[in-house]
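query-v8.cif (mmCIF, C-alpha atoms; chains and numbers go by the auth columns)
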```
data_final
#
loop_
_atom_site.group_PDB
_atom_site.id
_atom_site.type_symbol
_atom_site.label_atom_id
_atom_site.label_comp_id
_atom_site.label_asym_id
_atom_site.label_seq_id
_atom_site.Cartn_x
_atom_site.Cartn_y
_atom_site.Cartn_z
_atom_site.B_iso_or_equiv
_atom_site.auth_seq_id
_atom_site.auth_asym_id
ATOM 1 C CA ILE A 1 75.608 185.213 -56.188 0.00 1308 J
ATOM 2 C CA THR A 2 79.385 185.790 -55.731 0.00 1309 J
ATOM 3 C CA ASN A 3 81.832 186.618 -52.973 0.00 1310 J
ATOM 4 C CA MET A 4 84.259 189.318 -54.133 0.00 1311 J
ATOM 5 C CA ASN A 5 87.615 187.741 -53.303 0.00 1312 J
ATOM 6 C CA SER A 6 90.451 185.810 -54.847 0.00 1313 J
ATOM 7 C CA ASN A 7 88.614 182.493 -54.638 0.00 1314 J
ATOM 8 C CA HIS A 8 85.933 183.792 -56.993 0.00 1315 J
ATOM 9 C CA ASN A 9 85.877 185.246 -60.498 0.00 1316 J
ATOM 10 C CA ASP A 10 84.563 188.735 -61.263 0.00 1317 J
ATOM 11 C CA SER A 11 83.575 190.636 -64.378 0.00 1318 J
ATOM 12 C CA ASN A 12 86.220 193.309 -63.712 0.00 1319 J
ATOM 13 C CA ASN A 13 89.054 190.799 -63.361 0.00 1320 J
ATOM 14 C CA LYS A 14 91.768 190.513 -65.994 0.00 1321 J
ATOM 15 C CA LYS A 15 90.561 188.787 -69.134 0.00 1322 J
ATOM 16 C CA ARG A 16 91.417 185.133 -69.325 0.00 1323 J
ATOM 17 C CA ASN A 17 91.012 182.501 -71.977 0.00 1324 J
ATOM 18 C CA PRO A 18 87.495 181.030 -71.833 0.00 1325 J
ATOM 19 C CA PRO A 19 87.404 177.599 -70.177 0.00 1326 J
ATOM 20 C CA ARG A 20 87.063 174.586 -72.417 0.00 1327 J
ATOM 21 C CA ARG A 21 83.438 173.498 -72.564 0.00 1328 J
ATOM 22 C CA ASN A 22 82.504 169.892 -71.992 0.00 1329 J
ATOM 23 C CA ARG A 23 80.686 167.953 -74.673 0.00 1330 J
ATOM 24 C CA ALA A 24 76.960 167.677 -73.943 0.00 1331 J
ATOM 25 C CA SER A 25 75.498 164.250 -73.312 0.00 1332 J
ATOM 26 C CA PRO A 26 72.795 163.588 -75.966 0.00 1333 J
ATOM 27 C CA VAL A 27 70.534 161.888 -73.416 0.00 1334 J
ATOM 28 C CA ILE A 28 70.831 164.680 -70.870 0.00 1335 J
ATOM 29 C CA GLU A 29 70.471 167.345 -73.567 0.00 1336 J
ATOM 30 C CA GLU A 30 67.237 165.822 -74.840 0.00 1337 J
ATOM 31 C CA TYR A 31 65.887 165.555 -71.291 0.00 1338 J
ATOM 32 C CA TYR A 32 66.782 169.171 -70.575 0.00 1339 J
ATOM 33 C CA LYS A 33 65.135 170.539 -73.734 0.00 1340 J
ATOM 34 C CA ASN A 34 61.979 168.427 -73.583 0.00 1341 J
ATOM 35 C CA GLU A 35 61.363 168.418 -69.850 0.00 1342 J
ATOM 36 C CA VAL A 36 63.224 171.131 -67.945 0.00 1343 J
ATOM 37 C CA LYS A 37 63.405 173.975 -70.466 0.00 1344 J
ATOM 38 C CA GLN A 38 59.903 173.427 -71.819 0.00 1345 J
ATOM 39 C CA ARG A 39 58.338 173.468 -68.346 0.00 1346 J
ATOM 40 C CA LEU A 40 60.209 176.654 -67.484 0.00 1347 J
ATOM 41 C CA LEU A 41 59.088 178.310 -70.724 0.00 1348 J
ATOM 42 C CA ASN A 42 55.499 177.359 -69.956 0.00 1349 J
ATOM 43 C CA LYS A 43 55.807 179.222 -66.630 0.00 1350 J
ATOM 44 C CA ARG A 44 57.815 182.141 -67.969 0.00 1351 J
ATOM 45 C CA THR A 45 55.306 184.865 -67.048 0.00 1352 J
ATOM 46 C CA GLU A 46 54.808 183.546 -63.514 0.00 1353 J
ATOM 47 C CA ILE A 47 58.563 183.271 -62.960 0.00 1354 J
ATOM 48 C CA GLU A 48 59.261 186.767 -64.270 0.00 1355 J
ATOM 49 C CA ASN A 49 56.517 188.275 -62.091 0.00 1356 J
ATOM 50 C CA SER A 50 57.473 186.473 -58.900 0.00 1357 J
ATOM 51 C CA VAL A 51 61.204 185.664 -59.036 0.00 1358 J
ATOM 52 C CA PHE A 52 63.068 188.347 -60.987 0.00 1359 J
ATOM 53 C CA LEU A 53 61.865 191.247 -58.847 0.00 1360 J
ATOM 54 C CA SER A 54 63.954 193.772 -56.932 0.00 1361 J
ATOM 55 C CA TYR A 55 63.259 196.349 -54.217 0.00 1362 J
ATOM 56 C CA ASP A 56 64.509 199.882 -53.799 0.00 1363 J
ATOM 57 C CA SER A 57 65.444 201.478 -50.460 0.00 1364 J
ATOM 58 C CA GLU A 58 61.794 202.424 -49.869 0.00 1365 J
ATOM 59 C CA GLY A 59 60.575 198.878 -50.439 0.00 1366 J
ATOM 60 C CA TYR A 60 59.012 199.492 -53.847 0.00 1367 J
ATOM 61 C CA VAL A 61 59.088 196.560 -56.269 0.00 1368 J
ATOM 62 C CA TYR A 62 60.489 196.787 -59.802 0.00 1369 J
ATOM 63 C CA GLN A 63 61.627 194.367 -62.499 0.00 1370 J
ATOM 64 C CA SER A 64 65.250 193.439 -61.915 0.00 1371 J
ATOM 65 C CA THR A 65 67.756 195.020 -64.286 0.00 1372 J
ATOM 66 C CA ALA A 66 70.609 192.656 -63.382 0.00 1373 J
ATOM 67 C CA TYR A 67 68.661 189.389 -63.690 0.00 1374 J
ATOM 68 C CA SER A 68 66.289 188.141 -66.370 0.00 1375 J
ATOM 69 C CA PHE A 69 64.520 184.957 -67.378 0.00 1376 J
ATOM 70 C CA ASP A 70 66.416 184.748 -70.687 0.00 1377 J
ATOM 71 C CA ASP A 71 69.810 185.055 -68.988 0.00 1378 J
ATOM 72 C CA PHE A 72 68.743 182.433 -66.454 0.00 1379 J
ATOM 73 C CA LEU A 73 67.995 179.924 -69.220 0.00 1380 J
ATOM 74 C CA LYS A 74 71.202 180.838 -71.035 0.00 1381 J
ATOM 75 C CA ALA A 75 73.247 180.042 -67.918 0.00 1382 J
ATOM 76 C CA LEU A 76 71.275 176.953 -66.919 0.00 1383 J
ATOM 77 C CA TYR A 77 71.999 174.964 -70.081 0.00 1384 J
ATOM 78 C CA PRO A 78 75.808 174.692 -69.862 0.00 1385 J
ATOM 79 C CA ILE A 79 75.935 173.985 -66.130 0.00 1386 J
ATOM 80 C CA SER A 80 73.163 171.372 -66.179 0.00 1387 J
ATOM 81 C CA VAL A 81 73.819 169.708 -69.548 0.00 1388 J
ATOM 82 C CA GLU A 82 77.537 170.137 -70.237 0.00 1389 J
ATOM 83 C CA GLY A 83 78.732 170.473 -66.649 0.00 1390 J
ATOM 84 C CA VAL A 84 82.041 171.821 -65.381 0.00 1391 J
ATOM 85 C CA GLY A 85 85.345 170.321 -64.314 0.00 1392 J
ATOM 86 C CA ASP A 86 86.586 166.913 -65.385 0.00 1393 J
ATOM 87 C CA VAL A 87 85.559 166.028 -68.946 0.00 1394 J
ATOM 88 C CA LYS A 88 84.937 162.370 -68.141 0.00 1395 J
ATOM 89 C CA ASN A 89 83.014 163.047 -64.942 0.00 1396 J
ATOM 90 C CA PRO A 90 81.756 166.654 -64.984 0.00 1397 J
ATOM 91 C CA ILE A 91 79.884 168.298 -62.123 0.00 1398 J
ATOM 92 C CA ARG A 92 76.394 169.333 -63.201 0.00 1399 J
ATOM 93 C CA PHE A 93 73.716 171.499 -61.631 0.00 1400 J
ATOM 94 C CA TYR A 94 71.026 169.027 -60.641 0.00 1401 J
ATOM 95 C CA VAL A 95 67.760 169.268 -62.583 0.00 1402 J
ATOM 96 C CA GLY A 96 66.856 165.592 -62.324 0.00 1403 J
ATOM 97 C CA GLN A 97 69.105 164.495 -65.197 0.00 1404 J
ATOM 98 C CA THR A 98 71.184 162.021 -63.173 0.00 1405 J
ATOM 99 C CA ASP A 99 68.376 160.541 -61.110 0.00 1406 J
ATOM 100 C CA LYS A 100 66.462 158.534 -63.714 0.00 1407 J
ATOM 101 C CA GLN A 101 65.264 161.850 -65.142 0.00 1408 J
ATOM 102 C CA ASN A 102 63.260 162.807 -62.065 0.00 1409 J
ATOM 103 C CA ILE A 103 61.760 166.106 -63.203 0.00 1410 J
ATOM 104 C CA VAL A 104 59.976 166.732 -59.887 0.00 1411 J
ATOM 105 C CA LYS A 105 63.186 166.586 -57.847 0.00 1412 J
ATOM 106 C CA GLY A 106 64.930 168.627 -60.503 0.00 1413 J
ATOM 107 C CA LEU A 107 62.373 171.429 -60.380 0.00 1414 J
ATOM 108 C CA VAL A 108 62.422 171.435 -56.571 0.00 1415 J
ATOM 109 C CA ASN A 109 66.180 171.947 -56.670 0.00 1416 J
ATOM 110 C CA LEU A 110 65.770 174.767 -59.175 0.00 1417 J
ATOM 111 C CA ALA A 111 63.136 176.399 -56.977 0.00 1418 J
ATOM 112 C CA ALA A 112 65.423 176.185 -53.937 0.00 1419 J
ATOM 113 C CA PHE A 113 68.271 177.742 -55.911 0.00 1420 J
ATOM 114 C CA LEU A 114 66.098 180.611 -57.167 0.00 1421 J
ATOM 115 C CA ALA A 115 64.683 181.219 -53.683 0.00 1422 J
ATOM 116 C CA HIS A 116 68.207 181.608 -52.331 0.00 1423 J
ATOM 117 C CA ALA A 117 69.172 183.862 -55.241 0.00 1424 J
ATOM 118 C CA MET A 118 66.119 186.028 -54.570 0.00 1425 J
ATOM 119 C CA ALA A 119 67.066 186.466 -50.913 0.00 1426 J
ATOM 120 C CA VAL A 120 70.730 187.387 -51.373 0.00 1427 J
ATOM 121 C CA SER A 121 71.021 188.891 -54.869 0.00 1428 J
ATOM 122 C CA ILE A 122 67.914 189.468 -56.985 0.00 1429 J
ATOM 123 C CA LYS A 123 66.151 191.308 -54.162 0.00 1430 J
ATOM 124 C CA TYR A 124 68.910 193.932 -54.164 0.00 1431 J
ATOM 125 C CA ASP A 125 69.438 193.908 -57.967 0.00 1432 J
ATOM 126 C CA VAL A 126 73.187 193.290 -57.654 0.00 1433 J
ATOM 127 C CA CYS A 127 75.331 190.503 -59.066 0.00 1434 J
ATOM 128 C CA ASP A 128 78.290 190.828 -56.701 0.00 1435 J
ATOM 129 C CA GLU A 129 78.509 190.666 -52.937 0.00 1436 J
ATOM 130 C CA PHE A 130 78.149 194.139 -51.457 0.00 1437 J
ATOM 131 C CA ASN A 131 79.315 195.711 -48.189 0.00 1438 J
ATOM 132 C CA ILE A 132 76.446 195.125 -45.780 0.00 1439 J
ATOM 133 C CA ASP A 133 78.019 193.995 -42.489 0.00 1440 J
ATOM 134 C CA ALA A 134 78.194 197.026 -40.184 0.00 1441 J
ATOM 135 C CA THR A 135 80.728 196.203 -37.491 0.00 1442 J
ATOM 136 C CA ASP A 136 79.222 198.983 -35.416 0.00 1443 J
ATOM 137 C CA ALA A 137 75.537 198.897 -36.342 0.00 1444 J
ATOM 138 C CA ALA A 138 74.722 201.881 -34.159 0.00 1445 J
ATOM 139 C CA SER A 139 76.960 204.188 -36.202 0.00 1446 J
ATOM 140 C CA GLN A 140 76.550 202.439 -39.587 0.00 1447 J
ATOM 141 C CA LYS A 141 80.253 201.975 -40.224 0.00 1448 J
ATOM 142 C CA TYR A 142 81.156 199.392 -42.849 0.00 1449 J
ATOM 143 C CA ALA A 143 84.738 198.095 -42.847 0.00 1450 J
ATOM 144 C CA VAL A 144 86.581 198.245 -46.166 0.00 1451 J
ATOM 145 C CA SER A 145 88.139 194.925 -45.113 0.00 1452 J
ATOM 146 C CA ASN A 146 84.703 193.309 -45.406 0.00 1453 J
ATOM 147 C CA ALA A 147 85.993 192.386 -48.863 0.00 1454 J
ATOM 148 C CA CYS A 148 88.009 189.688 -47.046 0.00 1455 J
ATOM 149 C CA GLY A 149 84.976 188.370 -45.189 0.00 1456 J
ATOM 150 C CA GLN A 150 81.656 189.466 -43.736 0.00 1457 J
ATOM 151 C CA TRP A 151 79.724 188.184 -40.702 0.00 1458 J
ATOM 152 C CA GLY A 152 82.888 186.706 -39.207 0.00 1459 J
ATOM 153 C CA ASN A 153 83.890 184.718 -42.292 0.00 1460 J
ATOM 154 C CA SER A 154 87.353 184.521 -43.835 0.00 1461 J
ATOM 155 C CA TYR A 155 86.954 184.119 -47.588 0.00 1462 J
ATOM 156 C CA GLN A 156 90.616 183.267 -48.063 0.00 1463 J
ATOM 157 C CA ASP A 157 90.089 180.108 -46.032 0.00 1464 J
ATOM 158 C CA GLU A 158 86.927 178.987 -47.808 0.00 1465 J
ATOM 159 C CA GLY A 159 87.236 176.152 -50.273 0.00 1466 J
ATOM 160 C CA VAL A 160 90.564 174.958 -48.918 0.00 1467 J
ATOM 161 C CA CYS A 161 90.878 171.333 -49.922 0.00 1468 J
ATOM 162 C CA VAL A 162 90.528 169.067 -46.894 0.00 1469 J
ATOM 163 C CA GLY A 163 90.936 165.317 -47.261 0.00 1470 J
ATOM 164 C CA GLY A 164 91.811 165.452 -50.943 0.00 1471 J
ATOM 165 C CA SER A 165 88.333 166.255 -52.264 0.00 1472 J
ATOM 166 C CA GLU A 166 88.545 166.375 -56.061 0.00 1473 J
ATOM 167 C CA GLU A 167 85.304 168.357 -56.317 0.00 1474 J
ATOM 168 C CA VAL A 168 86.690 171.091 -54.073 0.00 1475 J
ATOM 169 C CA GLU A 169 89.926 171.224 -56.067 0.00 1476 J
ATOM 170 C CA VAL A 170 87.970 171.731 -59.287 0.00 1477 J
ATOM 171 C CA ALA A 171 85.908 174.598 -57.871 0.00 1478 J
ATOM 172 C CA THR A 172 88.667 176.613 -56.155 0.00 1479 J
ATOM 173 C CA CYS A 173 91.900 178.376 -56.958 0.00 1480 J
ATOM 174 C CA ASN A 174 94.868 179.600 -54.955 0.00 1481 J
ATOM 175 C CA VAL A 175 94.681 182.934 -53.128 0.00 1482 J
ATOM 176 C CA ASP A 176 96.577 185.647 -54.995 0.00 1483 J
ATOM 177 C CA PRO A 177 97.916 188.308 -52.568 0.00 1484 J
ATOM 178 C CA TYR A 178 98.788 190.576 -55.514 0.00 1485 J
ATOM 179 C CA MET A 179 95.309 190.577 -57.010 0.00 1486 J
ATOM 180 C CA GLU A 180 93.686 193.928 -57.695 0.00 1487 J
ATOM 181 C CA ILE A 181 89.987 193.515 -58.332 0.00 1488 J
ATOM 182 C CA THR A 182 86.804 195.509 -57.831 0.00 1489 J
ATOM 183 C CA ALA A 183 83.265 194.174 -57.686 0.00 1490 J
ATOM 184 C CA ALA A 184 81.101 194.921 -60.717 0.00 1491 J
ATOM 185 C CA ASP A 185 78.456 196.717 -58.704 0.00 1492 J
ATOM 186 C CA SER A 186 77.121 197.532 -55.261 0.00 1493 J
ATOM 187 C CA LEU A 187 73.871 198.407 -53.570 0.00 1494 J
ATOM 188 C CA GLY A 188 72.248 201.243 -55.515 0.00 1495 J
ATOM 189 C CA TRP A 189 70.743 202.911 -52.485 0.00 1496 J
ATOM 190 C CA GLU A 190 71.609 206.453 -51.395 0.00 1497 J
ATOM 191 C CA LYS A 191 74.815 206.647 -49.316 0.00 1498 J
ATOM 192 C CA ALA A 192 75.403 202.905 -49.698 0.00 1499 J
ATOM 193 C CA ALA A 193 78.996 201.654 -49.558 0.00 1500 J
ATOM 194 C CA PRO A 194 80.907 201.503 -52.880 0.00 1501 J
ATOM 195 C CA PRO A 195 81.798 198.161 -54.515 0.00 1502 J
ATOM 196 C CA LEU A 196 84.081 195.870 -52.527 0.00 1503 J
ATOM 197 C CA GLU A 197 87.655 195.604 -53.746 0.00 1504 J
ATOM 198 C CA CYS A 198 90.857 193.683 -53.092 0.00 1505 J
ATOM 199 C CA ARG A 199 94.390 195.037 -53.504 0.00 1506 J
ATOM 200 C CA PRO A 200 97.860 194.265 -52.104 0.00 1507 J
ATOM 201 C CA ARG A 201 99.157 196.218 -49.140 0.00 1508 J
ATOM 202 C CA GLU A 202 101.781 198.836 -49.971 0.00 1509 J
ATOM 203 C CA SER A 203 103.564 198.143 -46.669 0.00 1510 J
ATOM 204 C CA GLN A 204 103.095 196.167 -43.475 0.00 1511 J
ATOM 205 C CA GLY A 205 101.742 199.307 -41.822 0.00 1512 J
ATOM 206 C CA ASP A 206 99.122 199.807 -44.492 0.00 1513 J
ATOM 207 C CA PHE A 207 95.535 199.584 -43.210 0.00 1514 J
ATOM 208 C CA THR A 208 91.950 199.981 -44.369 0.00 1515 J
ATOM 209 C CA GLY A 209 89.269 202.238 -42.918 0.00 1516 J
ATOM 210 C CA HIS A 210 85.499 202.236 -43.201 0.00 1517 J
ATOM 211 C CA TRP A 211 82.561 203.581 -45.147 0.00 1518 J
ATOM 212 C CA ASP A 212 80.357 205.926 -43.116 0.00 1519 J
ATOM 213 C CA ALA A 213 76.809 205.314 -44.340 0.00 1520 J
ATOM 214 C CA GLU A 214 75.422 208.182 -42.285 0.00 1521 J
ATOM 215 C CA LEU A 215 77.579 210.727 -44.114 0.00 1522 J
ATOM 216 C CA GLY A 216 78.106 208.766 -47.311 0.00 1523 J
ATOM 217 C CA VAL A 217 81.899 209.142 -47.190 0.00 1524 J
ATOM 218 C CA LEU A 218 84.989 206.926 -47.005 0.00 1525 J
ATOM 219 C CA ASN A 219 87.044 207.387 -43.838 0.00 1526 J
ATOM 220 C CA GLU A 220 90.632 206.098 -43.945 0.00 1527 J
ATOM 221 C CA ILE A 221 92.087 208.344 -41.259 0.00 1528 J
ATOM 222 C CA TYR A 222 92.359 205.482 -38.778 0.00 1529 J
ATOM 223 C CA PRO A 223 92.235 201.656 -39.008 0.00 1530 J
ATOM 224 C CA TYR A 224 88.830 200.007 -38.857 0.00 1531 J
ATOM 225 C CA ALA A 225 88.557 196.210 -38.695 0.00 1532 J
ATOM 226 C CA ASN A 226 85.830 193.851 -39.816 0.00 1533 J
ATOM 227 C CA ARG A 227 84.300 191.331 -37.398 0.00 1534 J
ATOM 228 C CA LEU A 228 87.306 189.031 -37.756 0.00 1535 J
ATOM 229 C CA GLY A 229 89.753 191.824 -36.921 0.00 1536 J
ATOM 230 C CA VAL A 230 91.124 192.151 -40.450 0.00 1537 J
ATOM 231 C CA LEU A 231 92.621 195.545 -41.303 0.00 1538 J
ATOM 232 C CA HIS A 232 93.412 195.046 -44.998 0.00 1539 J
ATOM 233 C CA ASN A 233 91.774 193.865 -48.183 0.00 1540 J
ATOM 234 C CA GLU A 234 94.716 191.934 -49.583 0.00 1541 J
ATOM 235 C CA GLY A 235 94.096 188.674 -51.402 0.00 1542 J
#
```

Rendering of file as structure tokens:
Amino acid sequence: ITNMNSNHNDSNNKKRNPPRRNRASPVIEEYYKNEVKQRLLNKRTEIENSVFLSYDSEGYVYQSTAYSFDDFLKALYPISVEGVGDVKNPIRFYVGQTDKQNIVKGLVNLAAFLAHAMAVSIKYDVCDEFNIDATDAASQKYAVSNACGQWGNSYQDEGVCVGGSEEVEVATCNVDPYMEITAADSLGWEKAAPPLECRPRESQGDFTGHWDAELGVLNEIYPYANRLGVLHNEG
């Protein structure tokens, strides 16, 4: 589940060198394989038939094409066993490995994570944030500047390090006002807004318009702000 802005990576961004992977802890690796992974494999059918399901615009259920059980396991190993960030003290996704191998707490955390993923991503079968915040709900107009923040949020200000938090510093990067990036996908429904994108302004008078979901067209004749009053998608 990703926000499409300069504080987050995206599959369409410029290729970068892959990050150095941390060395797996033998104790944690054994716990993951024998406890976490094995329990998930035992429930594979139930998970596939209840978690990785998406809905079309009519409410019909189908197997997600963007998310799968195999990809879930492939992603879970490095973030829960190897961790990210500092090599000596990496941040790991909690599956009970650092709490005296408490498998119950670990599975509860996994369930909470998947429930959230179902609500904001898997349900819609998209892997990137999509334009869903209609500033004027009555006319179904979606601001292009929603790429900078939806529902009154300012993505450029999220993750700013306050009080010298090392964890926050590891998980964020500086805002790049010259970034040009487009989300990998968007809602696949008829007349839905296209993928969100960020790009630098050509001039101070440059502005962004809106997507008209009633007509299924982009309107950039006049400025149209998101809830925070932003009229650009820079940064």

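Here the PyMOL selection byres ((chain J and resi 1438-1444) around 7) matches the residues Glu1436, Phe1437, Ala1445, Ser1446, Gln1447, Lys1448, Tyr1449, Ala1450, Asn1453, Gln1457, Trp1458, Ala1500, Leu1503, Asn1533 and Arg1534 of chain J.
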
Starting from 6 Å padding per side, set up an axis-aligned box that covers all listed atoms of stretch 1427-1438 of chain J and hand over centre and edge lengths in Å, one decimal, as lines of an AutoDock Vina configuration file.
```
center_x = 72.7
center_y = 191.5
center_z = -53.6
size_x = 25.2
size_y = 20.3
size_z = 22.9
```

Neighbouring residues of stretch 1509-1513 of chain J were defined as those with any atom within 10 Å, considering all atoms listed in the file; residues of the same chain fewer than 3 positions away were excluded. Please report them as a short mmCIF file (atom, residue, chain, number, x, y, z; two decimals) with C-alpha atoms, keeping the file's coordinate frame.
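New file part_33.cif:
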```
data_model
loop_
_atom_site.label_atom_id
_atom_site.label_comp_id
_atom_site.auth_asym_id
_atom_site.auth_seq_id
_atom_site.Cartn_x
_atom_site.Cartn_y
_atom_site.Cartn_z
CA ARG J 1506 94.39 195.04 -53.50
CA PRO J 1530 92.24 201.66 -39.01
CA LEU J 1538 92.62 195.54 -41.30
CA HIS J 1539 93.41 195.05 -45.00
CA GLU J 1541 94.72 191.93 -49.58
#
```

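Evaluated against the shown file, the PyMOL selection byres ((chain J and resi 1525) around 10) gives Lys1448, Tyr1449, Ala1450, Val1451, Ala1500, Pro1501, Gly1516, His1517, Trp1518, Asp1519, Ala1520, Leu1522, Gly1523, Val1524, Asn1526, Glu1527 and Ile1528 of chain J.
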
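Atom pair atom CA of J:Asn1329 / atom CA of J:Leu1414: separated by 23.3 Å.
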